[in-house]
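Student: Pasting a structure below so you can have a look.
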Amino acid sequence: MIRYLTSGESHGQALVGILEGLPAGVEISSEYINHQLWRRQQGYGRGGRMRIESDKVEILSGVRFGRSLGSPIALIVRNKDWTNWTQKMSVEGTGSGIEKISTPRPGHADLAGAVKYGFDDLRNVIDRASARETAMRVACCSIVRKFLETFGIFIGSHVLSIGPAELRNRSTVDIVIKRLMKASCGAYKITEQADKSQVRMLEKRISEKAVVAIKGAKKKGDSLGGIFEIIVTGLPIGLGSYVEYDRKLDGQLAQAIVSVHAVKGVEIGDAFANAKLYGSQVHDEILKGGGNNVVRPTNRAGGLEGGVTNGEMLVLRAAMKPISTLAKPLSSVDLKTMRVVPSRYERSDVCAVPACSVIAEAVVAPVLANAFLEKFGGDSVAEIRRRCKKGAK
Ligand SMILES: Cc1cc2nc3c(=O)[nH]c(=O)nc-3n(C[C@H](O)[C@H](O)[C@H](O)COP(=O)(O)O)c2cc1C
């Protein structure tokens with residue numbers, strides 16, 4: 001099974017990752033990974049760091065002549081800002097003379113993390129809890145994404161709302177999605193189209209509203225969150241299982257997405273809208289198609305029934321809370337003096353919903369790849385291809 005681990009502090013030397021369990025023969029290039037890293041850094045509303053960092057991956061092992069060897073793949077993304085942090089984040093020494101941070105920021109892991117690990121310097125929490133870690137997640141998961149693409153499975157996303165700028169009537173966006181879905185790499189086309197917008201939205205009018213809303217929040221020293229949609233096309237029927245709770249693909253996907261920083265909610269298909277309707281208005285009828293095929297005229301279930309893919313497009317939505325660090329700070333308590341003080345402000349994004357959607361695209365890849373490997377598994381792309389063909393008969 002595919003698994004990966006990341007290590008690295010936000011202002012440390014580098015982020016490193018190890019991806020294990022990927023079959024041999026997957027085409028891998030740093031160019032492909034770097035493109036995904038670049039996408040993670042885009043979006044209107046990002047803070048100063050995005051101007052410092054232009055993430056580039058180095059592939060250290062597990063790949064030869066552009067293809068995976070089946071062995072663990074080690075990756076590194078160096079932090080360009082490291083030169084300014086060598087003393088504050090030094091691996092050696094005692095830290096004497098380095099200022100300690102003692103005021104936790106609301107909405108961050110600062111307070112809970114310091115109590116949990118017994119730290120008197122919140123920097124120890126801040127630097128690992130930061131969403132900077134997602135750069136390495138995107139790097140590792142991009143390789144898995146490439147594996148899925150080899151088998152015609154494509155992942156995409158687009159943003160539905162940012163603060164008050166919300167797509168209330170989906171009809172025009174659904175027409176765009178339907179048109180783009182005609183391509184064999186359907187979801188990829190959606191993502192390519194969304195990437196053209198600086199807020200990754202498919203409707204121009206709402207994009208413009210979102211930019212205005214972000215500008216307004218910035219002016220007020222505030223921040224914004226939003227909702228995005230992840231779409232996966234090309235999934236065969238039967239990935240995941242209903243037989244045991246931990247094999248249900250819906251649960252596994254929700255875990256992966258909520259593990260992304262600031263994501264606080266996930267829905268599968270039209271879950272929240274469906275909850276307000278009658279069953280007869282919700283469930284997707286099964287009708288007879290040509291030959292021995294059945295067709296589903298609607299996809300309100302979002303491509304999953306009983307925790308198993310049902311051959312329809314996978315549709316997931318996620319809610320990202322507004323960025324926690326505010327230029328106009330909320331109150332906090334200095335844990336050293338126990339006095340109420342304004343929370344700390346450290347260079348920060350005003351809105352990172354577009355970037356978050358790119359990260360979510362990445363993190364679903366290993367979940368889907370593992371379900372795919374469970375069904376068609378093999379040690380190499382060639383072997384899996386043979387098994388897929390057999391399965392199709
Ligand atoms: C792409 C991305 C960028 C983020 N940028 C910031 C940021 O600049 N400032 C900030 O306070 N939080 C930022 N966050 C959110 C925090 O990382 C997150 O809220 C925090 O680690 C607490 O975790 P939780 O919200 O999951 O509980 C970002 C999240 C993502 C996904």
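Lettering and numbering for the structure tokens are positional, with chains as A, B, ... in the shown order, residues counted from 1 in each chain, and ligands counted from 1 in the shown order.
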What residues of the protein or nucleic acid chains come within 8 Å of ligand 1 when you use only C-alpha atoms and all ligand atoms? Reply as a PyMOL selection string.
Tutor: chain A and resi 40-41+46-47+107-109+126+129-132+134+258-264+320-326+346-356+359
Student: Using only C-alpha atoms, which residues sit within 12 Å of Ile175 (chain A) once same-chain residues fewer than 5 positions away are excluded, as a list in words?
Tutor: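 The residues that qualify are Asn169, Arg170, Leu180, Met181, Lys182, Ile190, Leu202 and Glu203 of chain A.
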Student: Grab the CA of Ile268 (chain A) to CA of Asn292 (chain A) distance for me, in Å with one decimal place.
Tutor: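 These two atoms are separated by 28.3 Å.
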Student: Write out as a count of residues only the residues lying within 12 Å of Arg387 (chain A), counting only C-alpha atoms and excluding same-chain residues fewer than 4 positions away.
Tutor: 16
Student: Applying 8 Å and only C-alpha atoms, which residues near region 159-167 of chain A remain after dropping the ones on its own chain fewer than 4 positions away? List them as a list in words.
Tutor: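 Counting only the stated atoms, we get Ala194, Val199, Arg200, Met201, Leu202, Ile206, Ser207, Lys209, Ala210, Ala213, Leu224, Gly225, Gly226, Ile227, Phe228, Glu229, Val353, Pro354 and Ser357 of chain A.
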Student: Please write the residues from the selection above to a file, keeping all heavy atoms, as a compact mmCIF listing (two decimals), in the first residue's frame.
Tutor:
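Okay, result34.txt is ready:
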# COMPACT_ATOMS: atom_id res chain seq x y z
N ALA A 194 -10.02 26.18 -14.06
CA ALA A 194 -10.05 26.90 -12.77
C ALA A 194 -8.73 27.64 -12.55
O ALA A 194 -8.71 28.75 -12.01
CB ALA A 194 -10.32 25.93 -11.63
N VAL A 199 -8.71 33.13 -8.37
CA VAL A 199 -9.31 32.52 -7.18
C VAL A 199 -9.83 31.10 -7.50
O VAL A 199 -10.57 30.53 -6.72
CB VAL A 199 -10.45 33.41 -6.61
CG1 VAL A 199 -9.89 34.57 -5.82
CG2 VAL A 199 -11.39 33.89 -7.70
N ARG A 200 -9.45 30.58 -8.64
CA ARG A 200 -9.78 29.22 -9.09
C ARG A 200 -11.30 28.99 -9.18
O ARG A 200 -11.80 27.91 -8.88
CB ARG A 200 -9.13 28.13 -8.19
CG ARG A 200 -7.62 28.25 -8.07
CD ARG A 200 -6.91 26.93 -7.77
NE ARG A 200 -7.02 26.01 -8.87
CZ ARG A 200 -7.69 24.86 -8.84
NH1 ARG A 200 -8.31 24.49 -7.76
NH2 ARG A 200 -7.74 24.08 -9.89
N MET A 201 -12.01 30.03 -9.61
CA MET A 201 -13.45 29.89 -9.80
C MET A 201 -13.78 29.76 -11.28
O MET A 201 -13.07 30.32 -12.12
CB MET A 201 -14.17 31.11 -9.22
CG MET A 201 -14.20 31.10 -7.70
SD MET A 201 -15.09 32.52 -7.09
CE MET A 201 -15.33 32.09 -5.38
N LEU A 202 -14.87 29.07 -11.58
CA LEU A 202 -15.22 28.85 -12.98
C LEU A 202 -16.13 29.96 -13.52
O LEU A 202 -16.31 30.07 -14.72
CB LEU A 202 -15.91 27.49 -13.16
CG LEU A 202 -15.01 26.26 -12.89
CD1 LEU A 202 -15.82 24.97 -12.99
CD2 LEU A 202 -13.82 26.20 -13.84
N ILE A 206 -18.39 35.78 -10.21
CA ILE A 206 -18.16 35.44 -8.80
C ILE A 206 -16.67 35.60 -8.46
O ILE A 206 -16.31 36.02 -7.37
CB ILE A 206 -18.64 34.00 -8.46
CG1 ILE A 206 -20.03 33.73 -9.02
CG2 ILE A 206 -18.61 33.76 -6.94
CD1 ILE A 206 -21.16 34.46 -8.37
N SER A 207 -15.81 35.28 -9.44
CA SER A 207 -14.36 35.47 -9.26
C SER A 207 -14.07 36.92 -8.89
O SER A 207 -13.32 37.21 -7.97
CB SER A 207 -13.57 35.20 -10.55
OG SER A 207 -13.62 33.89 -10.92
N LYS A 209 -16.12 39.12 -7.68
CA LYS A 209 -16.67 39.42 -6.35
C LYS A 209 -15.72 38.93 -5.26
O LYS A 209 -15.53 39.58 -4.24
CB LYS A 209 -18.00 38.70 -6.17
CG LYS A 209 -19.21 39.49 -6.57
CD LYS A 209 -20.44 38.74 -6.06
CE LYS A 209 -21.71 39.49 -6.36
NZ LYS A 209 -22.89 38.71 -5.98
N ALA A 210 -15.13 37.75 -5.50
CA ALA A 210 -14.24 37.15 -4.49
C ALA A 210 -13.00 38.02 -4.30
O ALA A 210 -12.54 38.25 -3.17
CB ALA A 210 -13.85 35.73 -4.91
N ALA A 213 -13.91 40.91 -2.26
CA ALA A 213 -14.11 40.51 -0.86
C ALA A 213 -12.76 40.32 -0.15
O ALA A 213 -12.59 40.74 1.01
CB ALA A 213 -14.91 39.21 -0.80
N LEU A 224 -10.46 35.54 5.17
CA LEU A 224 -11.65 34.85 4.65
C LEU A 224 -11.37 33.38 4.37
O LEU A 224 -10.24 32.99 4.05
CB LEU A 224 -12.10 35.51 3.34
CG LEU A 224 -12.79 36.87 3.43
CD1 LEU A 224 -13.03 37.43 2.02
CD2 LEU A 224 -14.12 36.77 4.18
N GLY A 225 -12.42 32.56 4.49
CA GLY A 225 -12.35 31.15 4.09
C GLY A 225 -13.27 30.91 2.92
O GLY A 225 -13.69 31.87 2.25
N GLY A 226 -13.61 29.66 2.69
CA GLY A 226 -14.50 29.37 1.56
C GLY A 226 -14.73 27.89 1.37
O GLY A 226 -14.32 27.06 2.19
N ILE A 227 -15.40 27.60 0.26
CA ILE A 227 -15.75 26.20 -0.06
C ILE A 227 -15.24 25.86 -1.46
O ILE A 227 -15.31 26.70 -2.37
CB ILE A 227 -17.29 26.02 0.00
CG1 ILE A 227 -17.78 26.29 1.44
CG2 ILE A 227 -17.71 24.62 -0.46
CD1 ILE A 227 -19.30 26.29 1.59
N PHE A 228 -14.70 24.67 -1.58
CA PHE A 228 -14.25 24.23 -2.91
C PHE A 228 -14.75 22.82 -3.19
O PHE A 228 -15.17 22.11 -2.28
CB PHE A 228 -12.72 24.33 -3.05
CG PHE A 228 -11.96 23.57 -2.00
CD1 PHE A 228 -11.65 22.23 -2.18
CD2 PHE A 228 -11.55 24.19 -0.84
CE1 PHE A 228 -10.95 21.52 -1.22
CE2 PHE A 228 -10.85 23.50 0.15
CZ PHE A 228 -10.55 22.15 -0.05
N GLU A 229 -14.70 22.48 -4.48
CA GLU A 229 -15.23 21.18 -4.92
C GLU A 229 -14.11 20.38 -5.59
O GLU A 229 -13.37 20.92 -6.41
CB GLU A 229 -16.36 21.45 -5.93
CG GLU A 229 -17.04 20.22 -6.48
CD GLU A 229 -18.34 20.60 -7.21
OE1 GLU A 229 -19.39 20.69 -6.56
OE2 GLU A 229 -18.28 20.83 -8.44
N VAL A 353 -7.94 29.81 0.08
CA VAL A 353 -8.88 28.78 -0.40
C VAL A 353 -8.42 28.18 -1.74
O VAL A 353 -8.43 26.95 -1.90
CB VAL A 353 -10.32 29.34 -0.49
CG1 VAL A 353 -11.27 28.28 -1.03
CG2 VAL A 353 -10.78 29.83 0.87
N PRO A 354 -7.97 29.02 -2.71
CA PRO A 354 -7.52 28.42 -3.98
C PRO A 354 -6.37 27.42 -3.76
O PRO A 354 -6.39 26.32 -4.32
CB PRO A 354 -7.06 29.63 -4.80
CG PRO A 354 -7.82 30.79 -4.23
CD PRO A 354 -7.93 30.50 -2.77
N SER A 357 -7.55 24.15 -2.27
CA SER A 357 -8.20 23.23 -3.22
C SER A 357 -7.16 22.41 -3.97
O SER A 357 -7.37 21.23 -4.26
CB SER A 357 -9.11 24.00 -4.19
OG SER A 357 -8.37 24.89 -5.00
Student: Give me, please, the distance in Å between CA of Leu15 (chain A) and CA of Val57 (chain A), quoted to one decimal.
Tutor: 9.5 Å
Student: Determine, counting only C-alpha atoms, which protein, DNA and RNA residues have an atom within 12 Å of an atom of Asp127 (chain A); residues of the same chain fewer than 6 positions away are not included. Present the result as JSON, numbers by chain.
Tutor: {"A": [7, 8, 9, 10, 11, 12, 13, 14, 15, 85, 88, 89, 101, 108, 109, 110, 113, 121, 133, 346]}
Student: Using DSSP assignments from the backbone, pull out every residue in region 34-113 of chain A that falls under strand (DSSP E or B) and give it to me as a list in words.
Tutor: Val57, Glu58, Ile59, Leu60, Ser61, Val63, Arg64, Arg67, Ser68, Ile73, Ala74, Leu75, Ile76, Val77 and Arg78 of chain A
Student: Set the distance at 7 Å and use only C-alpha atoms: which residues neighbour Pro72 (chain A) once local chain neighbours fewer than 5 positions away are removed? I'd like the list as a CSV table (one decimal) with all heavy atoms, in the first residue's frame.
Tutor:
chain,number,residue,atom,x,y,z
A,18,ILE,N,9.1,11.0,2.3
A,18,ILE,CA,9.4,9.6,1.8
A,18,ILE,C,8.0,9.0,1.4
A,18,ILE,O,7.1,9.0,2.1
A,18,ILE,CB,10.1,8.7,2.8
A,18,ILE,CG1,11.5,9.3,3.1
A,18,ILE,CG2,10.1,7.3,2.3
A,18,ILE,CD1,12.4,8.3,3.7
A,19,LEU,N,8.0,8.6,0.1
A,19,LEU,CA,6.8,8.0,-0.4
A,19,LEU,C,7.1,6.5,-0.7
A,19,LEU,O,8.1,6.2,-1.3
A,19,LEU,CB,6.4,8.7,-1.8
A,19,LEU,CG,5.3,8.0,-2.6
A,19,LEU,CD1,4.0,8.2,-1.9
A,19,LEU,CD2,5.3,8.6,-4.0
A,20,GLU,N,6.3,5.7,-0.1
A,20,GLU,CA,6.6,4.2,-0.1
A,20,GLU,C,5.4,3.5,-0.7
A,20,GLU,O,4.3,3.8,-0.4
A,20,GLU,CB,7.0,3.8,1.3
A,20,GLU,CG,7.9,2.6,1.4
A,20,GLU,CD,7.1,1.3,1.4
A,20,GLU,OE1,6.0,1.2,2.1
A,20,GLU,OE2,7.6,0.3,0.8
A,21,GLY,N,5.7,2.4,-1.4
A,21,GLY,CA,4.6,1.5,-1.9
A,21,GLY,C,4.2,1.8,-3.3
A,21,GLY,O,3.3,1.1,-3.8
A,62,GLY,N,14.9,6.4,-5.5
A,62,GLY,CA,13.7,5.7,-5.8
A,62,GLY,C,13.2,5.9,-7.2
A,62,GLY,O,12.2,5.3,-7.6
Student: Excluding Lys328 (chain A) and residues on its chain fewer than 4 positions from it, collect all residues at most 9 Å away from it, counting only C-alpha atoms, and give them as a list of chain:residue names.
Tutor: A:Lys220, A:Gly221, A:Asp222, A:Pro342, A:Ser343, A:Tyr345
Student: Nearest to Val138 (chain A) among A:Gly186, A:Pro366, A:Gly311, A:Gly291, with distances taken over only C-alpha atoms: which residue is it?
Tutor: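 With only C-alpha atoms as the atom set, the closest residue is A:Pro366.
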Student: Mind pulling up the distance from CA of Val364 (chain A) to CA of Asp250 (chain A)?
Tutor: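 So the answer is 10.8 Å.
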Student: So which residues of region 209-333 of chain A fall under alpha helix (DSSP H) by DSSP, listed as a list in words?
Tutor: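 The residues of region 209-333 of chain A classed as alpha helix (DSSP H) are Lys209, Ala210, Val211, Val212, Ala213, Ile214, Lys215, Gly216, Ala217, Lys218, Lys219, Leu249, Asp250, Gly251, Gln252, Leu253, Ala254, Gln255, Ala256, Ile257, Val258, Ala271, Phe272, Ala273, Asn274, Gly279, Ser280, Gln281 and Val282 of chain A.
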Student: Would you mind exporting the chosen residues as a PDB file, in the first residue's frame, restricted to N, CA and C atoms?
Tutor:
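Result saved to result.pdb:
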ATOM      1  N   LYS A 209     -16.116  39.119  -7.679  1.00  0.00           N
ATOM      2  CA  LYS A 209     -16.666  39.423  -6.347  1.00  0.00           C
ATOM      3  C   LYS A 209     -15.718  38.926  -5.260  1.00  0.00           C
ATOM      4  N   ALA A 210     -15.131  37.752  -5.497  1.00  0.00           N
ATOM      5  CA  ALA A 210     -14.236  37.148  -4.493  1.00  0.00           C
ATOM      6  C   ALA A 210     -12.995  38.019  -4.302  1.00  0.00           C
ATOM      7  N   VAL A 211     -12.455  38.519  -5.409  1.00  0.00           N
ATOM      8  CA  VAL A 211     -11.257  39.370  -5.320  1.00  0.00           C
ATOM      9  C   VAL A 211     -11.585  40.637  -4.519  1.00  0.00           C
ATOM     10  N   VAL A 212     -12.756  41.207  -4.782  1.00  0.00           N
ATOM     11  CA  VAL A 212     -13.177  42.404  -4.047  1.00  0.00           C
ATOM     12  C   VAL A 212     -13.314  42.070  -2.549  1.00  0.00           C
ATOM     13  N   ALA A 213     -13.909  40.909  -2.264  1.00  0.00           N
ATOM     14  CA  ALA A 213     -14.105  40.509  -0.856  1.00  0.00           C
ATOM     15  C   ALA A 213     -12.756  40.323  -0.151  1.00  0.00           C
ATOM     16  N   ILE A 214     -11.785  39.732  -0.844  1.00  0.00           N
ATOM     17  CA  ILE A 214     -10.464  39.515  -0.232  1.00  0.00           C
ATOM     18  C   ILE A 214      -9.769  40.862   0.022  1.00  0.00           C
ATOM     19  N   LYS A 215      -9.882  41.747  -0.999  1.00  0.00           N
ATOM     20  CA  LYS A 215      -9.287  43.096  -0.841  1.00  0.00           C
ATOM     21  C   LYS A 215      -9.882  43.779   0.391  1.00  0.00           C
ATOM     22  N   GLY A 216     -11.229  43.666   0.538  1.00  0.00           N
ATOM     23  CA  GLY A 216     -11.938  44.292   1.655  1.00  0.00           C
ATOM     24  C   GLY A 216     -11.481  43.712   2.985  1.00  0.00           C
ATOM     25  N   ALA A 217     -11.335  42.398   3.037  1.00  0.00           N
ATOM     26  CA  ALA A 217     -10.902  41.743   4.286  1.00  0.00           C
ATOM     27  C   ALA A 217      -9.501  42.203   4.657  1.00  0.00           C
ATOM     28  N   LYS A 218      -8.637  42.297   3.651  1.00  0.00           N
ATOM     29  CA  LYS A 218      -7.244  42.722   3.895  1.00  0.00           C
ATOM     30  C   LYS A 218      -7.219  44.139   4.479  1.00  0.00           C
ATOM     31  N   LYS A 219      -8.018  44.986   3.897  1.00  0.00           N
ATOM     32  CA  LYS A 219      -8.078  46.370   4.340  1.00  0.00           C
ATOM     33  C   LYS A 219      -8.480  46.455   5.809  1.00  0.00           C
ATOM     34  N   LEU A 249     -14.603   3.921   1.333  1.00  0.00           N
ATOM     35  CA  LEU A 249     -13.822   4.964   0.662  1.00  0.00           C
ATOM     36  C   LEU A 249     -14.280   6.371   1.058  1.00  0.00           C
ATOM     37  N   ASP A 250     -15.573   6.529   1.350  1.00  0.00           N
ATOM     38  CA  ASP A 250     -16.047   7.866   1.744  1.00  0.00           C
ATOM     39  C   ASP A 250     -15.349   8.324   3.028  1.00  0.00           C
ATOM     40  N   GLY A 251     -15.245   7.408   3.998  1.00  0.00           N
ATOM     41  CA  GLY A 251     -14.583   7.742   5.267  1.00  0.00           C
ATOM     42  C   GLY A 251     -13.105   8.059   5.071  1.00  0.00           C
ATOM     43  N   GLN A 252     -12.454   7.276   4.216  1.00  0.00           N
ATOM     44  CA  GLN A 252     -11.018   7.502   3.985  1.00  0.00           C
ATOM     45  C   GLN A 252     -10.769   8.848   3.290  1.00  0.00           C
ATOM     46  N   LEU A 253     -11.649   9.175   2.333  1.00  0.00           N
ATOM     47  CA  LEU A 253     -11.480  10.449   1.610  1.00  0.00           C
ATOM     48  C   LEU A 253     -11.711  11.627   2.546  1.00  0.00           C
ATOM     49  N   ALA A 254     -12.740  11.499   3.402  1.00  0.00           N
ATOM     50  CA  ALA A 254     -13.042  12.589   4.339  1.00  0.00           C
ATOM     51  C   ALA A 254     -11.850  12.809   5.272  1.00  0.00           C
ATOM     52  N   GLN A 255     -11.264  11.731   5.737  1.00  0.00           N
ATOM     53  CA  GLN A 255     -10.099  11.855   6.641  1.00  0.00           C
ATOM     54  C   GLN A 255      -8.966  12.614   5.946  1.00  0.00           C
ATOM     55  N   ALA A 256      -8.679  12.206   4.711  1.00  0.00           N
ATOM     56  CA  ALA A 256      -7.555  12.833   3.995  1.00  0.00           C
ATOM     57  C   ALA A 256      -7.792  14.327   3.808  1.00  0.00           C
ATOM     58  N   ILE A 257      -9.024  14.692   3.467  1.00  0.00           N
ATOM     59  CA  ILE A 257      -9.293  16.104   3.170  1.00  0.00           C
ATOM     60  C   ILE A 257      -9.312  16.940   4.453  1.00  0.00           C
ATOM     61  N   VAL A 258      -9.933  16.392   5.510  1.00  0.00           N
ATOM     62  CA  VAL A 258      -9.990  17.172   6.759  1.00  0.00           C
ATOM     63  C   VAL A 258      -8.603  17.274   7.400  1.00  0.00           C
ATOM     64  N   ALA A 271     -24.457  16.244  -0.067  1.00  0.00           N
ATOM     65  CA  ALA A 271     -24.839  15.811   1.284  1.00  0.00           C
ATOM     66  C   ALA A 271     -25.688  16.813   2.070  1.00  0.00           C
ATOM     67  N   PHE A 272     -25.234  18.048   2.162  1.00  0.00           N
ATOM     68  CA  PHE A 272     -25.935  18.991   3.041  1.00  0.00           C
ATOM     69  C   PHE A 272     -27.266  19.452   2.434  1.00  0.00           C
ATOM     70  N   ALA A 273     -27.294  19.625   1.121  1.00  0.00           N
ATOM     71  CA  ALA A 273     -28.562  19.982   0.464  1.00  0.00           C
ATOM     72  C   ALA A 273     -29.521  18.791   0.551  1.00  0.00           C
ATOM     73  N   ASN A 274     -29.003  17.582   0.356  1.00  0.00           N
ATOM     74  CA  ASN A 274     -29.834  16.373   0.391  1.00  0.00           C
ATOM     75  C   ASN A 274     -30.531  16.198   1.735  1.00  0.00           C
ATOM     76  N   GLY A 279     -36.382  11.658   0.452  1.00  0.00           N
ATOM     77  CA  GLY A 279     -35.562  10.611  -0.185  1.00  0.00           C
ATOM     78  C   GLY A 279     -35.824  10.504  -1.677  1.00  0.00           C
ATOM     79  N   SER A 280     -37.106  10.677  -2.044  1.00  0.00           N
ATOM     80  CA  SER A 280     -37.460  10.559  -3.468  1.00  0.00           C
ATOM     81  C   SER A 280     -36.810  11.661  -4.311  1.00  0.00           C
ATOM     82  N   GLN A 281     -36.414  12.756  -3.655  1.00  0.00           N
ATOM     83  CA  GLN A 281     -35.781  13.866  -4.393  1.00  0.00           C
ATOM     84  C   GLN A 281     -34.258  13.708  -4.422  1.00  0.00           C
ATOM     85  N   VAL A 282     -33.754  12.749  -3.666  1.00  0.00           N
ATOM     86  CA  VAL A 282     -32.311  12.659  -3.448  1.00  0.00           C
ATOM     87  C   VAL A 282     -31.671  11.482  -4.191  1.00  0.00           C
TER      88      VAL A 282
END
